[in-house]
>>> print(open('my_file_36.cif').read())   # mmCIF, C-alpha atoms
data_model
loop_
_atom_site.label_atom_id
_atom_site.label_comp_id
_atom_site.auth_asym_id
_atom_site.auth_seq_id
_atom_site.Cartn_x
_atom_site.Cartn_y
_atom_site.Cartn_z
CA MET A 226 -68.24 -18.35 -61.05
CA SER A 227 -67.00 -20.46 -63.86
CA GLU A 228 -70.20 -20.46 -65.92
CA ILE A 229 -69.35 -16.97 -67.09
CA ASP A 230 -67.95 -16.85 -70.59
CA LEU A 231 -65.32 -14.16 -70.27
CA SER A 232 -64.83 -13.89 -74.00
CA LYS A 233 -68.33 -12.46 -74.30
CA LEU A 234 -67.69 -9.65 -71.79
CA PRO A 235 -66.12 -6.32 -72.71
CA LYS A 236 -62.43 -6.02 -71.89
CA GLY A 237 -60.12 -3.33 -70.53
CA GLY A 238 -61.63 -0.05 -69.38
CA LYS A 239 -65.08 -0.93 -70.68
CA GLY A 240 -64.86 -4.26 -68.89
CA PHE A 241 -63.89 -2.40 -65.73
CA ALA A 242 -67.05 -0.26 -65.93
CA HIS A 243 -69.15 -3.27 -66.87
CA ASP A 244 -67.87 -5.39 -63.96
CA PHE A 245 -68.30 -2.66 -61.40
CA ALA A 246 -71.81 -1.93 -62.62
CA ALA A 247 -72.75 -5.61 -62.45
CA ASP A 248 -75.62 -6.82 -60.29
CA GLN A 249 -73.98 -9.63 -58.37
CA THR A 250 -70.23 -10.09 -58.60
CA ILE A 251 -67.54 -7.62 -59.50
CA PHE A 252 -64.63 -9.92 -60.25
CA LYS A 253 -65.96 -11.88 -63.22
CA GLY A 254 -64.46 -15.30 -63.65
CA VAL A 255 -62.42 -15.03 -60.47
CA PRO A 256 -63.17 -17.77 -57.91
CA TRP A 257 -64.07 -16.30 -54.52
CA GLY A 258 -61.07 -17.96 -52.92
CA LYS A 259 -58.79 -16.16 -55.31
CA SER A 260 -60.29 -12.72 -54.76
CA MET A 261 -60.16 -13.30 -51.00
CA MET A 262 -56.49 -14.28 -51.26
CA TRP A 263 -55.80 -11.14 -53.29
CA ILE A 264 -57.53 -8.98 -50.73
CA PHE A 265 -55.58 -10.66 -47.94
CA LEU A 266 -52.37 -10.04 -49.85
CA LEU A 267 -53.36 -6.41 -50.32
CA SER A 268 -53.73 -6.01 -46.57
CA ASP A 269 -50.43 -7.81 -46.06
CA THR A 270 -48.85 -5.39 -48.51
CA PHE A 271 -49.91 -2.56 -46.24
CA ILE A 272 -48.40 -4.26 -43.19
CA PHE A 273 -45.05 -4.79 -44.91
CA SER A 274 -45.20 -1.27 -46.31
CA CYS A 275 -45.65 0.11 -42.82
CA PHE A 276 -42.59 -1.83 -41.67
CA LEU A 277 -40.46 -0.60 -44.53
CA ILE A 278 -41.72 2.97 -44.25
CA SER A 279 -40.94 2.99 -40.54
CA LEU A 280 -37.48 1.68 -41.41
CA MET A 281 -37.11 4.61 -43.79
CA THR A 282 -38.31 7.04 -41.14
CA ALA A 283 -35.97 5.70 -38.47
CA ARG A 284 -33.02 5.63 -40.80
CA ALA A 285 -33.61 9.13 -42.16
CA SER A 286 -34.25 10.69 -38.77
CA THR A 287 -31.39 9.22 -36.75
CA THR A 288 -28.24 11.23 -36.28
CA ALA A 289 -26.23 8.07 -35.58
CA GLU A 290 -24.42 6.23 -38.35
CA TRP A 291 -26.61 3.50 -39.90
CA PRO A 292 -24.83 0.10 -40.00
CA TYR A 293 -23.46 -0.70 -43.45
CA ALA A 294 -25.49 -3.76 -44.47
CA SER A 295 -22.95 -4.82 -47.05
CA GLU A 296 -20.42 -5.48 -44.29
CA VAL A 297 -22.81 -6.62 -41.57
CA PHE A 298 -24.25 -9.33 -43.81
CA GLY A 299 -20.98 -10.26 -45.45
CA LEU A 300 -19.87 -13.88 -45.37
CA GLU A 301 -16.33 -15.12 -45.01
CA VAL A 302 -15.45 -17.49 -47.85
CA PHE A 303 -11.91 -18.89 -48.08
CA GLY A 304 -10.60 -16.03 -45.99
CA THR A 305 -12.15 -13.20 -48.03
CA ASN A 306 -15.25 -11.32 -47.02
CA VAL A 307 -17.91 -11.51 -49.74
CA PRO A 308 -20.59 -8.84 -49.23
CA LEU A 309 -24.19 -10.02 -48.90
CA LEU A 310 -23.33 -13.51 -50.17
CA LEU A 311 -25.85 -15.39 -48.05
CA ILE A 312 -28.58 -12.86 -48.86
CA ALA A 313 -27.90 -13.22 -52.57
CA ILE A 314 -28.12 -17.02 -52.34
CA MET A 315 -31.36 -16.70 -50.35
CA THR A 316 -32.74 -14.43 -53.06
CA PHE A 317 -31.93 -16.94 -55.78
CA VAL A 318 -33.40 -19.82 -53.77
CA LEU A 319 -36.64 -17.91 -53.25
CA ILE A 320 -36.88 -16.95 -56.93
CA THR A 321 -36.29 -20.55 -57.90
CA SER A 322 -39.06 -21.73 -55.61
CA SER A 323 -41.30 -19.08 -57.12
CA GLY A 324 -40.50 -20.45 -60.56
CA THR A 325 -41.33 -24.03 -59.59
CA MET A 326 -44.57 -22.78 -58.04
CA ALA A 327 -45.57 -21.02 -61.26
CA LEU A 328 -44.95 -24.25 -63.15
CA ALA A 329 -46.92 -26.23 -60.55
CA VAL A 330 -49.91 -23.95 -61.16
CA LYS A 331 -49.57 -24.47 -64.90
CA TYR A 332 -49.37 -28.27 -64.62
CA GLY A 333 -52.24 -28.23 -62.15
CA TYR A 334 -54.50 -26.57 -64.70
CA GLU A 335 -53.33 -29.10 -67.26
CA ARG A 336 -54.41 -31.88 -64.87
CA ASN A 337 -50.89 -33.24 -64.74
CA ARG A 338 -51.19 -34.46 -61.17
CA LYS A 339 -47.74 -36.00 -60.70
CA MET A 340 -45.80 -33.11 -62.22
CA CYS A 341 -47.85 -30.59 -60.25
CA ALA A 342 -47.27 -32.42 -56.97
CA TRP A 343 -43.53 -32.82 -57.50
CA LEU A 344 -43.20 -29.13 -58.34
CA ILE A 345 -45.12 -28.15 -55.21
CA LEU A 346 -42.79 -30.38 -53.22
CA ALA A 347 -39.78 -28.74 -54.86
CA THR A 348 -41.22 -25.34 -53.94
CA ALA A 349 -41.64 -26.47 -50.34
CA VAL A 350 -38.05 -27.70 -50.21
CA GLY A 351 -36.88 -24.36 -51.63
CA GLY A 352 -38.84 -22.50 -48.98
CA LEU A 353 -37.43 -24.74 -46.28
CA THR A 354 -33.91 -24.05 -47.53
CA PHE A 355 -34.64 -20.33 -47.36
CA VAL A 356 -35.88 -20.55 -43.77
CA GLY A 357 -32.88 -22.68 -42.87
CA MET A 358 -30.48 -20.10 -44.25
CA GLN A 359 -32.35 -17.37 -42.45
CA ALA A 360 -32.01 -19.30 -39.19
CA PHE A 361 -28.27 -19.55 -39.88
CA GLU A 362 -28.11 -15.81 -40.55
CA TRP A 363 -29.95 -14.96 -37.34
CA THR A 364 -27.75 -17.30 -35.30
CA LYS A 365 -24.64 -15.70 -36.74
CA LEU A 366 -25.86 -12.17 -36.08
CA ILE A 367 -27.17 -12.85 -32.59
CA PHE A 368 -24.40 -15.06 -31.19
CA HIS A 369 -21.32 -13.98 -33.11
CA GLU A 370 -21.95 -10.35 -34.01
CA GLY A 371 -23.94 -9.44 -30.91
CA ILE A 372 -26.85 -7.71 -32.66
CA ARG A 373 -29.78 -7.05 -30.34
CA PRO A 374 -33.08 -5.26 -30.92
CA TRP A 375 -31.85 -2.48 -28.63
CA SER A 376 -28.19 -2.25 -29.58
CA ASN A 377 -25.51 -3.46 -31.95
CA PRO A 378 -21.79 -2.89 -32.41
CA PHE A 379 -22.13 -1.43 -35.91
CA GLY A 380 -24.04 1.82 -35.43
CA ALA A 381 -27.55 3.14 -34.91
CA ALA A 382 -29.29 1.19 -32.14
CA GLN A 383 -32.57 0.94 -34.06
CA PHE A 384 -30.97 -1.29 -36.69
CA GLY A 385 -31.49 -4.54 -34.76
CA SER A 386 -35.16 -4.07 -34.04
CA PHE A 387 -35.91 -3.34 -37.68
CA PHE A 388 -33.83 -6.27 -38.84
CA PHE A 389 -35.53 -8.76 -36.54
CA MET A 390 -39.00 -7.34 -37.11
CA ILE A 391 -38.89 -7.17 -40.90
CA THR A 392 -36.99 -10.35 -41.71
CA GLY A 393 -38.75 -12.17 -38.88
CA PHE A 394 -42.17 -11.26 -40.19
CA HIS A 395 -41.17 -12.27 -43.68
CA GLY A 396 -39.65 -15.51 -42.39
CA THR A 397 -42.90 -16.28 -40.59
CA HIS A 398 -44.72 -15.89 -43.88
CA VAL A 399 -42.27 -18.23 -45.58
CA SER A 400 -42.64 -20.80 -42.79
CA ILE A 401 -46.44 -20.74 -42.98
CA GLY A 402 -46.15 -21.05 -46.75
CA VAL A 403 -43.86 -24.07 -46.42
CA ILE A 404 -46.34 -25.81 -44.12
CA PHE A 405 -49.16 -25.24 -46.59
CA LEU A 406 -46.98 -26.31 -49.52
CA PHE A 407 -46.28 -29.65 -47.83
CA ILE A 408 -49.97 -30.11 -47.07
CA PHE A 409 -50.90 -29.30 -50.66
CA ALA A 410 -48.18 -31.54 -52.06
CA ARG A 411 -49.69 -34.41 -50.09
CA LYS A 412 -53.20 -33.51 -51.22
CA THR A 413 -52.09 -33.33 -54.83
CA PHE A 414 -50.21 -36.64 -54.70
CA ARG A 415 -53.31 -38.24 -53.21
CA GLY A 416 -55.41 -36.80 -56.04
CA ASP A 417 -57.70 -34.68 -53.90
CA PHE A 418 -58.07 -32.12 -56.67
CA ASP A 419 -59.12 -34.75 -59.19
CA THR A 420 -61.54 -36.64 -56.97
CA GLY A 421 -62.93 -33.61 -55.17
CA ARG A 422 -62.10 -35.13 -51.80
CA ARG A 423 -63.20 -32.81 -49.01
CA GLY A 424 -60.53 -30.86 -47.16
CA TYR A 425 -59.71 -31.67 -43.54
CA PHE A 426 -60.11 -28.13 -42.23
CA THR A 427 -62.62 -26.68 -44.63
CA SER A 428 -64.65 -29.83 -45.37
CA MET A 429 -65.11 -28.34 -48.83
CA LYS A 430 -64.40 -29.86 -52.20
CA SER A 431 -61.54 -28.30 -54.05
CA ASP A 432 -59.91 -28.35 -57.48
CA TYR A 433 -56.69 -27.25 -59.11
CA ARG A 434 -57.64 -23.59 -58.76
CA ALA A 435 -56.61 -24.01 -55.12
CA ILE A 436 -53.04 -24.46 -56.35
CA GLU A 437 -53.18 -21.11 -58.09
CA ILE A 438 -54.43 -19.48 -54.88
CA LEU A 439 -51.62 -21.09 -52.90
CA GLY A 440 -49.29 -19.94 -55.65
CA LEU A 441 -50.45 -16.34 -55.23
CA TYR A 442 -49.46 -16.47 -51.58
CA TRP A 443 -46.08 -17.96 -52.40
CA HIS A 444 -45.30 -15.45 -55.14
CA PHE A 445 -46.27 -12.69 -52.74
CA VAL A 446 -43.68 -13.95 -50.27
CA ASP A 447 -41.11 -13.72 -53.06
CA LEU A 448 -42.43 -10.27 -54.00
CA VAL A 449 -42.01 -8.98 -50.46
CA TRP A 450 -38.46 -10.33 -50.41
CA VAL A 451 -37.69 -8.27 -53.52
CA PHE A 452 -38.58 -5.13 -51.57
CA ILE A 453 -36.78 -6.22 -48.38
CA PHE A 454 -33.68 -7.08 -50.41
CA ALA A 455 -33.76 -3.63 -52.01
CA PHE A 456 -34.62 -1.48 -49.02
CA PHE A 457 -33.04 -3.33 -46.14
CA TYR A 458 -29.98 -5.04 -47.56
CA LEU A 459 -28.96 -2.94 -50.55
CA TRP A 460 -30.01 0.60 -49.68
CA MET B 133 -65.80 -25.84 -66.01
CA GLU B 134 -62.57 -27.57 -66.84
CA GLN B 135 -62.78 -26.22 -70.35
CA SER B 136 -62.95 -22.59 -69.26
CA ASN B 137 -60.15 -23.18 -66.76
CA LYS B 138 -57.89 -24.51 -69.42
CA LYS B 139 -58.54 -21.69 -71.81
CA ALA B 140 -58.27 -18.99 -69.21
CA THR B 141 -55.11 -19.88 -67.36
CA THR B 142 -52.60 -22.20 -68.91
CA HIS B 143 -49.80 -20.64 -70.82
CA ASN B 144 -46.83 -21.90 -72.69
CA ILE B 145 -44.10 -23.16 -70.38
CA GLY B 146 -41.65 -20.90 -72.20
CA ILE B 147 -43.01 -17.70 -70.72
CA TYR B 148 -42.53 -18.96 -67.17
CA LEU B 149 -38.97 -20.07 -67.86
CA TRP B 150 -38.23 -16.73 -69.50
CA ILE B 151 -39.53 -14.76 -66.54
CA TRP B 152 -37.66 -17.07 -64.20
CA GLY B 153 -34.45 -16.39 -66.10
CA LEU B 154 -35.10 -12.65 -66.19
CA LEU B 155 -35.67 -12.60 -62.43
CA PHE B 156 -32.30 -14.29 -61.99
CA VAL B 157 -30.63 -11.76 -64.26
CA PHE B 158 -32.18 -8.74 -62.56
CA SER B 159 -31.40 -10.15 -59.11
CA THR B 160 -27.80 -10.53 -60.20
CA PHE B 161 -27.82 -6.94 -61.45
CA SER B 162 -29.16 -5.61 -58.17
CA TYR B 163 -26.54 -7.66 -56.32
CA LEU B 164 -23.88 -6.19 -58.58
CA VAL B 165 -24.99 -2.71 -57.54
CA ASP B 166 -23.67 -3.62 -54.10
CA TRP B 167 -20.72 -5.58 -55.43
CA PHE B 168 -19.37 -2.62 -57.41
CA ASP B 169 -20.23 -0.40 -54.48
CA PHE B 170 -22.13 2.25 -56.44
CA GLN B 171 -23.05 5.13 -54.18
CA GLY B 172 -25.48 8.01 -54.04
CA LEU B 173 -28.18 8.70 -56.58
CA LEU B 174 -26.91 6.06 -59.02
CA ARG B 175 -27.14 3.35 -56.35
CA TRP B 176 -30.64 4.31 -55.25
CA SER B 177 -32.07 4.67 -58.73
CA LEU B 178 -30.58 1.34 -59.87
CA ILE B 179 -31.88 -0.46 -56.78
CA ILE B 180 -35.39 0.92 -57.30
CA PHE B 181 -35.29 0.27 -61.04
CA PHE B 182 -34.37 -3.42 -60.68
CA MET B 183 -36.75 -3.82 -57.75
CA LEU B 184 -39.70 -2.48 -59.73
CA ILE B 185 -38.89 -4.60 -62.78
CA LYS B 186 -38.71 -7.75 -60.64
CA ALA B 187 -41.90 -6.89 -58.76
CA GLY B 188 -43.68 -6.15 -62.04
CA LEU B 189 -42.62 -9.43 -63.63
CA ILE B 190 -43.66 -11.47 -60.60
CA MET B 191 -47.05 -9.79 -60.36
CA ALA B 192 -47.82 -9.68 -64.06
CA ILE B 193 -46.72 -13.17 -65.10
CA PHE B 194 -46.27 -15.40 -62.05
CA MET B 195 -49.34 -14.02 -60.30
CA HIS B 196 -51.24 -13.86 -63.61
CA LEU B 197 -52.28 -10.25 -63.12
CA TYR B 198 -51.57 -9.54 -66.79
CA TRP B 199 -54.39 -11.91 -67.76
CA GLU B 200 -56.86 -10.82 -65.08
CA ARG B 201 -59.74 -8.50 -65.80
CA TRP B 202 -59.26 -4.80 -65.22
CA ALA B 203 -61.74 -4.72 -62.36
CA ILE B 204 -59.48 -6.75 -60.06
CA VAL B 205 -56.24 -5.27 -61.38
CA ASN B 206 -57.45 -1.76 -60.57
CA VAL B 207 -58.74 -2.75 -57.16
CA LEU B 208 -55.33 -4.19 -56.35
CA LEU B 209 -53.06 -1.53 -57.77
CA TRP B 210 -54.75 1.79 -56.92
CA PRO B 211 -54.32 1.33 -53.14
CA MET B 212 -50.56 1.42 -53.80
CA THR B 213 -50.86 5.16 -54.39
CA ALA B 214 -51.78 5.48 -50.69
CA ILE B 215 -48.46 3.84 -49.84
CA ILE B 216 -46.58 6.28 -52.04
CA VAL B 217 -48.36 9.21 -50.39
CA PHE B 218 -47.45 7.73 -46.99
CA VAL B 219 -43.81 7.50 -48.05
CA GLY B 220 -43.95 11.18 -48.95
CA ILE B 221 -45.50 12.15 -45.62
CA MET B 222 -42.98 10.16 -43.60
CA THR B 223 -40.07 11.55 -45.59
CA ALA B 224 -41.10 15.05 -44.59
CA GLU B 225 -41.66 13.91 -41.02
CA SER B 226 -38.29 12.19 -40.71
CA GLN B 227 -36.46 15.19 -42.15
CA TYR B 228 -38.13 17.39 -39.57
CA THR B 229 -37.18 14.96 -36.79
CA PHE B 230 -33.60 14.86 -38.03
CA PHE B 231 -33.52 18.65 -38.12
CA THR B 232 -34.75 19.02 -34.54
CA ARG B 233 -32.29 16.35 -33.35
CA ALA B 234 -29.39 18.01 -35.12
CA LEU B 235 -30.47 21.33 -33.68
CA PHE B 236 -30.56 19.79 -30.21
CA PHE B 237 -27.05 18.39 -30.53
CA VAL B 238 -25.68 21.70 -31.76
CA MET B 239 -27.58 24.13 -29.56
CA GLY B 240 -28.30 21.97 -26.52
CA SER B 241 -31.70 22.20 -24.86
#
>>> encode(input="my_file_36.cif", output="structure tokens")
Amino acid sequence: MSEIDLSKLPKGGKGFAHDFAADQTIFKGVPWGKSMMWIFLLSDTFIFSCFLISLMTARASTTAEWPYASEVFGLEVFGTNVPLLLIAIMTFVLITSSGTMALAVKYGYERNRKMCAWLILATAVGGLTFVGMQAFEWTKLIFHEGIRPWSNPFGAAQFGSFFFMITGFHGTHVSIGVIFLFIFARKTFRGDFDTGRRGYFTSMKSDYRAIEILGLYWHFVDLVWVFIFAFFYLW
Amino acid sequence: MEQSNKKATTHNIGIYLWIWGLLFVFSTFSYLVDWFDFQGLLRWSLIIFFMLIKAGLIMAIFMHLYWERWAIVNVLLWPMTAIIVFVGIMTAESQYTFFTRALFFVMGS
């Protein structure tokens, strides 16, 4: 993998033809873990796309009034209703955790173990905050607003099932990411990526490229939220 | 091994902070679309515009796709055309469903 000197290979379109015509590996200089993560994320993209496209289909084909997200997800602050406030804060929290993750990857490659580990921990805390706010949002909508997968007081009955399905599936991704971020923070603090200590599950040696692969997953979670924010909350 | 890693993937911290800031700005903009209650075509085009910019920045810089070789970039991005085609198919489908439902409510069975 890493013995390949990428600077000697053709780039751009020629590189594309060269890599695809290669004997052994297509993705030159890409560790197998990273290409597998990308392919997993590609399949995940299709799953989320199917959710959002079915949301579009349901919303465009129903004759009932679709609930106005701006009001449904509004938050009362000092007696005034601020539209989408919680969702906006959640968006900023997730972007911030994405930023700390990007920096963690950078410091990982620079072998700055401490900085990398603290940034991963910060990312995990950001993710945990996001999940916490989502739990608050769900509680509010289920117990105070009476939204159910089969009905809701605001309009089209399909609204609830799409809300719970889409944000729930995304929240599950965030939760899994948070678990892995905590595990990787611990591994980084312990110096596993410097010493090549074998992983508990995989029993394989690892290095700081693992942080980049974890980072890809985390950025993807942020990426999906960009689309959910646009299509579910704003549209 | 460490040498090639260093050369291939670390970038100046500035670029990450810039992208971070830009993501904040564009998120604020897309929130403002709702805040100012823009409606209709303006609302939809602004939402999609800011969404695509944010998605592009995350993928290109945070996920390092800008620095990856074309082979993997193409493998990852071309399948997205299938999604766009699917959106087109389901738009037609949902309009037809809406039409038959509306017809049912007006004409009865």
>>> interface_residues(input="my_file_36.cif", of="chain A", to="chain B", cutoff="6 Å", atoms="all atoms listed in the file", output="PyMOL selection string")
chain A and resi 227+237+241+282+285-286+324+327+331+441+448
>>> write_last_selection(input="my_file_36.cif", atoms="C-alpha atoms", output="PDB file, in the coordinates of the input")
ATOM      1  CA  SER A 227     -67.000 -20.460 -63.860  1.00  0.00           C
ATOM      2  CA  GLY A 237     -60.120  -3.330 -70.530  1.00  0.00           C
ATOM      3  CA  PHE A 241     -63.890  -2.400 -65.730  1.00  0.00           C
ATOM      4  CA  THR A 282     -38.310   7.040 -41.140  1.00  0.00           C
ATOM      5  CA  ALA A 285     -33.610   9.130 -42.160  1.00  0.00           C
ATOM      6  CA  SER A 286     -34.250  10.690 -38.770  1.00  0.00           C
ATOM      7  CA  GLY A 324     -40.500 -20.450 -60.560  1.00  0.00           C
ATOM      8  CA  ALA A 327     -45.570 -21.020 -61.260  1.00  0.00           C
ATOM      9  CA  LYS A 331     -49.570 -24.470 -64.900  1.00  0.00           C
ATOM     10  CA  LEU A 441     -50.450 -16.340 -55.230  1.00  0.00           C
ATOM     11  CA  LEU A 448     -42.430 -10.270 -54.000  1.00  0.00           C
TER      12      LEU A 448
END
>>> resolve_selection(input="my_file_36.cif", expression="the PyMOL selection byres ((chain A and resi 385) around 12)", output="PDB file with C-alpha atoms, keeping the file's coordinate frame")
ATOM      1  CA  LEU A 280     -37.480   1.680 -41.410  1.00  0.00           C
ATOM      2  CA  ALA A 283     -35.970   5.700 -38.470  1.00  0.00           C
ATOM      3  CA  ARG A 284     -33.020   5.630 -40.800  1.00  0.00           C
ATOM      4  CA  TRP A 291     -26.610   3.500 -39.900  1.00  0.00           C
ATOM      5  CA  PRO A 292     -24.830   0.100 -40.000  1.00  0.00           C
ATOM      6  CA  ALA A 294     -25.490  -3.760 -44.470  1.00  0.00           C
ATOM      7  CA  VAL A 297     -22.810  -6.620 -41.570  1.00  0.00           C
ATOM      8  CA  TRP A 363     -29.950 -14.960 -37.340  1.00  0.00           C
ATOM      9  CA  LEU A 366     -25.860 -12.170 -36.080  1.00  0.00           C
ATOM     10  CA  ILE A 367     -27.170 -12.850 -32.590  1.00  0.00           C
ATOM     11  CA  GLU A 370     -21.950 -10.350 -34.010  1.00  0.00           C
ATOM     12  CA  GLY A 371     -23.940  -9.440 -30.910  1.00  0.00           C
ATOM     13  CA  ILE A 372     -26.850  -7.710 -32.660  1.00  0.00           C
ATOM     14  CA  ARG A 373     -29.780  -7.050 -30.340  1.00  0.00           C
ATOM     15  CA  PRO A 374     -33.080  -5.260 -30.920  1.00  0.00           C
ATOM     16  CA  TRP A 375     -31.850  -2.480 -28.630  1.00  0.00           C
ATOM     17  CA  SER A 376     -28.190  -2.250 -29.580  1.00  0.00           C
ATOM     18  CA  ASN A 377     -25.510  -3.460 -31.950  1.00  0.00           C
ATOM     19  CA  PRO A 378     -21.790  -2.890 -32.410  1.00  0.00           C
ATOM     20  CA  PHE A 379     -22.130  -1.430 -35.910  1.00  0.00           C
ATOM     21  CA  GLY A 380     -24.040   1.820 -35.430  1.00  0.00           C
ATOM     22  CA  ALA A 381     -27.550   3.140 -34.910  1.00  0.00           C
ATOM     23  CA  ALA A 382     -29.290   1.190 -32.140  1.00  0.00           C
ATOM     24  CA  GLN A 383     -32.570   0.940 -34.060  1.00  0.00           C
ATOM     25  CA  PHE A 384     -30.970  -1.290 -36.690  1.00  0.00           C
ATOM     26  CA  SER A 386     -35.160  -4.070 -34.040  1.00  0.00           C
ATOM     27  CA  PHE A 387     -35.910  -3.340 -37.680  1.00  0.00           C
ATOM     28  CA  PHE A 388     -33.830  -6.270 -38.840  1.00  0.00           C
ATOM     29  CA  PHE A 389     -35.530  -8.760 -36.540  1.00  0.00           C
ATOM     30  CA  MET A 390     -39.000  -7.340 -37.110  1.00  0.00           C
ATOM     31  CA  ILE A 391     -38.890  -7.170 -40.900  1.00  0.00           C
ATOM     32  CA  THR A 392     -36.990 -10.350 -41.710  1.00  0.00           C
ATOM     33  CA  GLY A 393     -38.750 -12.170 -38.880  1.00  0.00           C
ATOM     34  CA  PHE A 457     -33.040  -3.330 -46.140  1.00  0.00           C
TER      35      PHE A 457
END
>>> closest_residue(input="my_file_36.cif", among="A:Phe276, A:Ser431, A:Lys365, A:Tyr442", to="Ile401 (chain A)", atoms="all atoms listed in the file")
A:Tyr442
>>> residues_around(input="my_file_36.cif", residues="Leu406 (chain A)", least_positions_apart="5", cutoff="7 Å", atoms="all atoms listed in the file", output="JSON, numbers by chain")
{"A": [345, 346, 349]}
>>> write_last_selection(input="my_file_36.cif", atoms="C-alpha atoms", output="CSV table (one decimal), in the frame of the given file")
chain,number,residue,atom,x,y,z
A,345,ILE,CA,-45.1,-28.2,-55.2
A,346,LEU,CA,-42.8,-30.4,-53.2
A,349,ALA,CA,-41.6,-26.5,-50.3
>>> resolve_selection(input="my_file_36.cif", expression="the PyMOL selection byres ((chain A and resi 318) around 12)", output="VMD selection string")
(chain A and resid 311 to 317 319 to 325 347 to 359 447 450) or (chain B and resid 152 155 to 156 159)
>>> write_last_selection(input="my_file_36.cif", atoms="C-alpha atoms", output="mmCIF file, keeping the file's coordinate frame")
data_model
loop_
_atom_site.group_PDB
_atom_site.id
_atom_site.type_symbol
_atom_site.label_atom_id
_atom_site.label_comp_id
_atom_site.auth_asym_id
_atom_site.auth_seq_id
_atom_site.Cartn_x
_atom_site.Cartn_y
_atom_site.Cartn_z
ATOM 1 C CA LEU A 311 -25.850 -15.390 -48.050
ATOM 2 C CA ILE A 312 -28.580 -12.860 -48.860
ATOM 3 C CA ALA A 313 -27.900 -13.220 -52.570
ATOM 4 C CA ILE A 314 -28.120 -17.020 -52.340
ATOM 5 C CA MET A 315 -31.360 -16.700 -50.350
ATOM 6 C CA THR A 316 -32.740 -14.430 -53.060
ATOM 7 C CA PHE A 317 -31.930 -16.940 -55.780
ATOM 8 C CA LEU A 319 -36.640 -17.910 -53.250
ATOM 9 C CA ILE A 320 -36.880 -16.950 -56.930
ATOM 10 C CA THR A 321 -36.290 -20.550 -57.900
ATOM 11 C CA SER A 322 -39.060 -21.730 -55.610
ATOM 12 C CA SER A 323 -41.300 -19.080 -57.120
ATOM 13 C CA GLY A 324 -40.500 -20.450 -60.560
ATOM 14 C CA THR A 325 -41.330 -24.030 -59.590
ATOM 15 C CA ALA A 347 -39.780 -28.740 -54.860
ATOM 16 C CA THR A 348 -41.220 -25.340 -53.940
ATOM 17 C CA ALA A 349 -41.640 -26.470 -50.340
ATOM 18 C CA VAL A 350 -38.050 -27.700 -50.210
ATOM 19 C CA GLY A 351 -36.880 -24.360 -51.630
ATOM 20 C CA GLY A 352 -38.840 -22.500 -48.980
ATOM 21 C CA LEU A 353 -37.430 -24.740 -46.280
ATOM 22 C CA THR A 354 -33.910 -24.050 -47.530
ATOM 23 C CA PHE A 355 -34.640 -20.330 -47.360
ATOM 24 C CA VAL A 356 -35.880 -20.550 -43.770
ATOM 25 C CA GLY A 357 -32.880 -22.680 -42.870
ATOM 26 C CA MET A 358 -30.480 -20.100 -44.250
ATOM 27 C CA GLN A 359 -32.350 -17.370 -42.450
ATOM 28 C CA ASP A 447 -41.110 -13.720 -53.060
ATOM 29 C CA TRP A 450 -38.460 -10.330 -50.410
ATOM 30 C CA TRP B 152 -37.660 -17.070 -64.200
ATOM 31 C CA LEU B 155 -35.670 -12.600 -62.430
ATOM 32 C CA PHE B 156 -32.300 -14.290 -61.990
ATOM 33 C CA SER B 159 -31.400 -10.150 -59.110
#
>>> atom_distance(input="my_file_36.cif", atom1="CA of Gly146 (chain B)", atom2="CA of Leu234 (chain A)")
28.4 Å
>>> atom_distance(input="my_file_36.cif", atom1="CA of Thr420 (chain A)", atom2="CA of Leu328 (chain A)")
21.6 Å
>>> residues_around(input="my_file_36.cif", residues="Ala342 (chain A)", least_positions_apart="2", cutoff="6 Å", atoms="only C-alpha atoms", output="PDB file with C-alpha atoms, keeping the file's coordinate frame")
ATOM      1  CA  LYS A 339     -47.740 -36.000 -60.700  1.00  0.00           C
ATOM      2  CA  MET A 340     -45.800 -33.110 -62.220  1.00  0.00           C
ATOM      3  CA  LEU A 344     -43.200 -29.130 -58.340  1.00  0.00           C
ATOM      4  CA  ILE A 345     -45.120 -28.150 -55.210  1.00  0.00           C
ATOM      5  CA  ALA A 410     -48.180 -31.540 -52.060  1.00  0.00           C
ATOM      6  CA  THR A 413     -52.090 -33.330 -54.830  1.00  0.00           C
ATOM      7  CA  PHE A 414     -50.210 -36.640 -54.700  1.00  0.00           C
TER       8      PHE A 414
END
>>> resolve_selection(input="my_file_36.cif", expression="the PyMOL selection byres ((chain A and resi 267) around 10)", output="ChimeraX atom specification")
/A:261-266,268-272,445 /B:207-209,211-212
>>> build_atoms(input="my_file_36.cif", residues="region 228-232 of chain A", atoms="N, CA and C atoms", output="PDB file, in the frame of the given file")
ATOM      1  N   GLU A 228     -69.278 -20.373 -64.791  1.00  0.00           N
ATOM      2  CA  GLU A 228     -70.200 -20.460 -65.920  1.00  0.00           C
ATOM      3  C   GLU A 228     -70.078 -19.257 -66.826  1.00  0.00           C
ATOM      4  N   ILE A 229     -69.463 -18.186 -66.296  1.00  0.00           N
ATOM      5  CA  ILE A 229     -69.350 -16.970 -67.090  1.00  0.00           C
ATOM      6  C   ILE A 229     -68.387 -17.166 -68.241  1.00  0.00           C
ATOM      7  N   ASP A 230     -68.852 -16.797 -69.436  1.00  0.00           N
ATOM      8  CA  ASP A 230     -67.950 -16.850 -70.590  1.00  0.00           C
ATOM      9  C   ASP A 230     -67.276 -15.490 -70.738  1.00  0.00           C
ATOM     10  N   LEU A 231     -66.021 -15.446 -70.308  1.00  0.00           N
ATOM     11  CA  LEU A 231     -65.320 -14.160 -70.270  1.00  0.00           C
ATOM     12  C   LEU A 231     -65.123 -13.550 -71.650  1.00  0.00           C
ATOM     13  N   SER A 232     -65.088 -14.421 -72.659  1.00  0.00           N
ATOM     14  CA  SER A 232     -64.830 -13.890 -74.000  1.00  0.00           C
ATOM     15  C   SER A 232     -66.001 -13.061 -74.503  1.00  0.00           C
TER      16      SER A 232
END
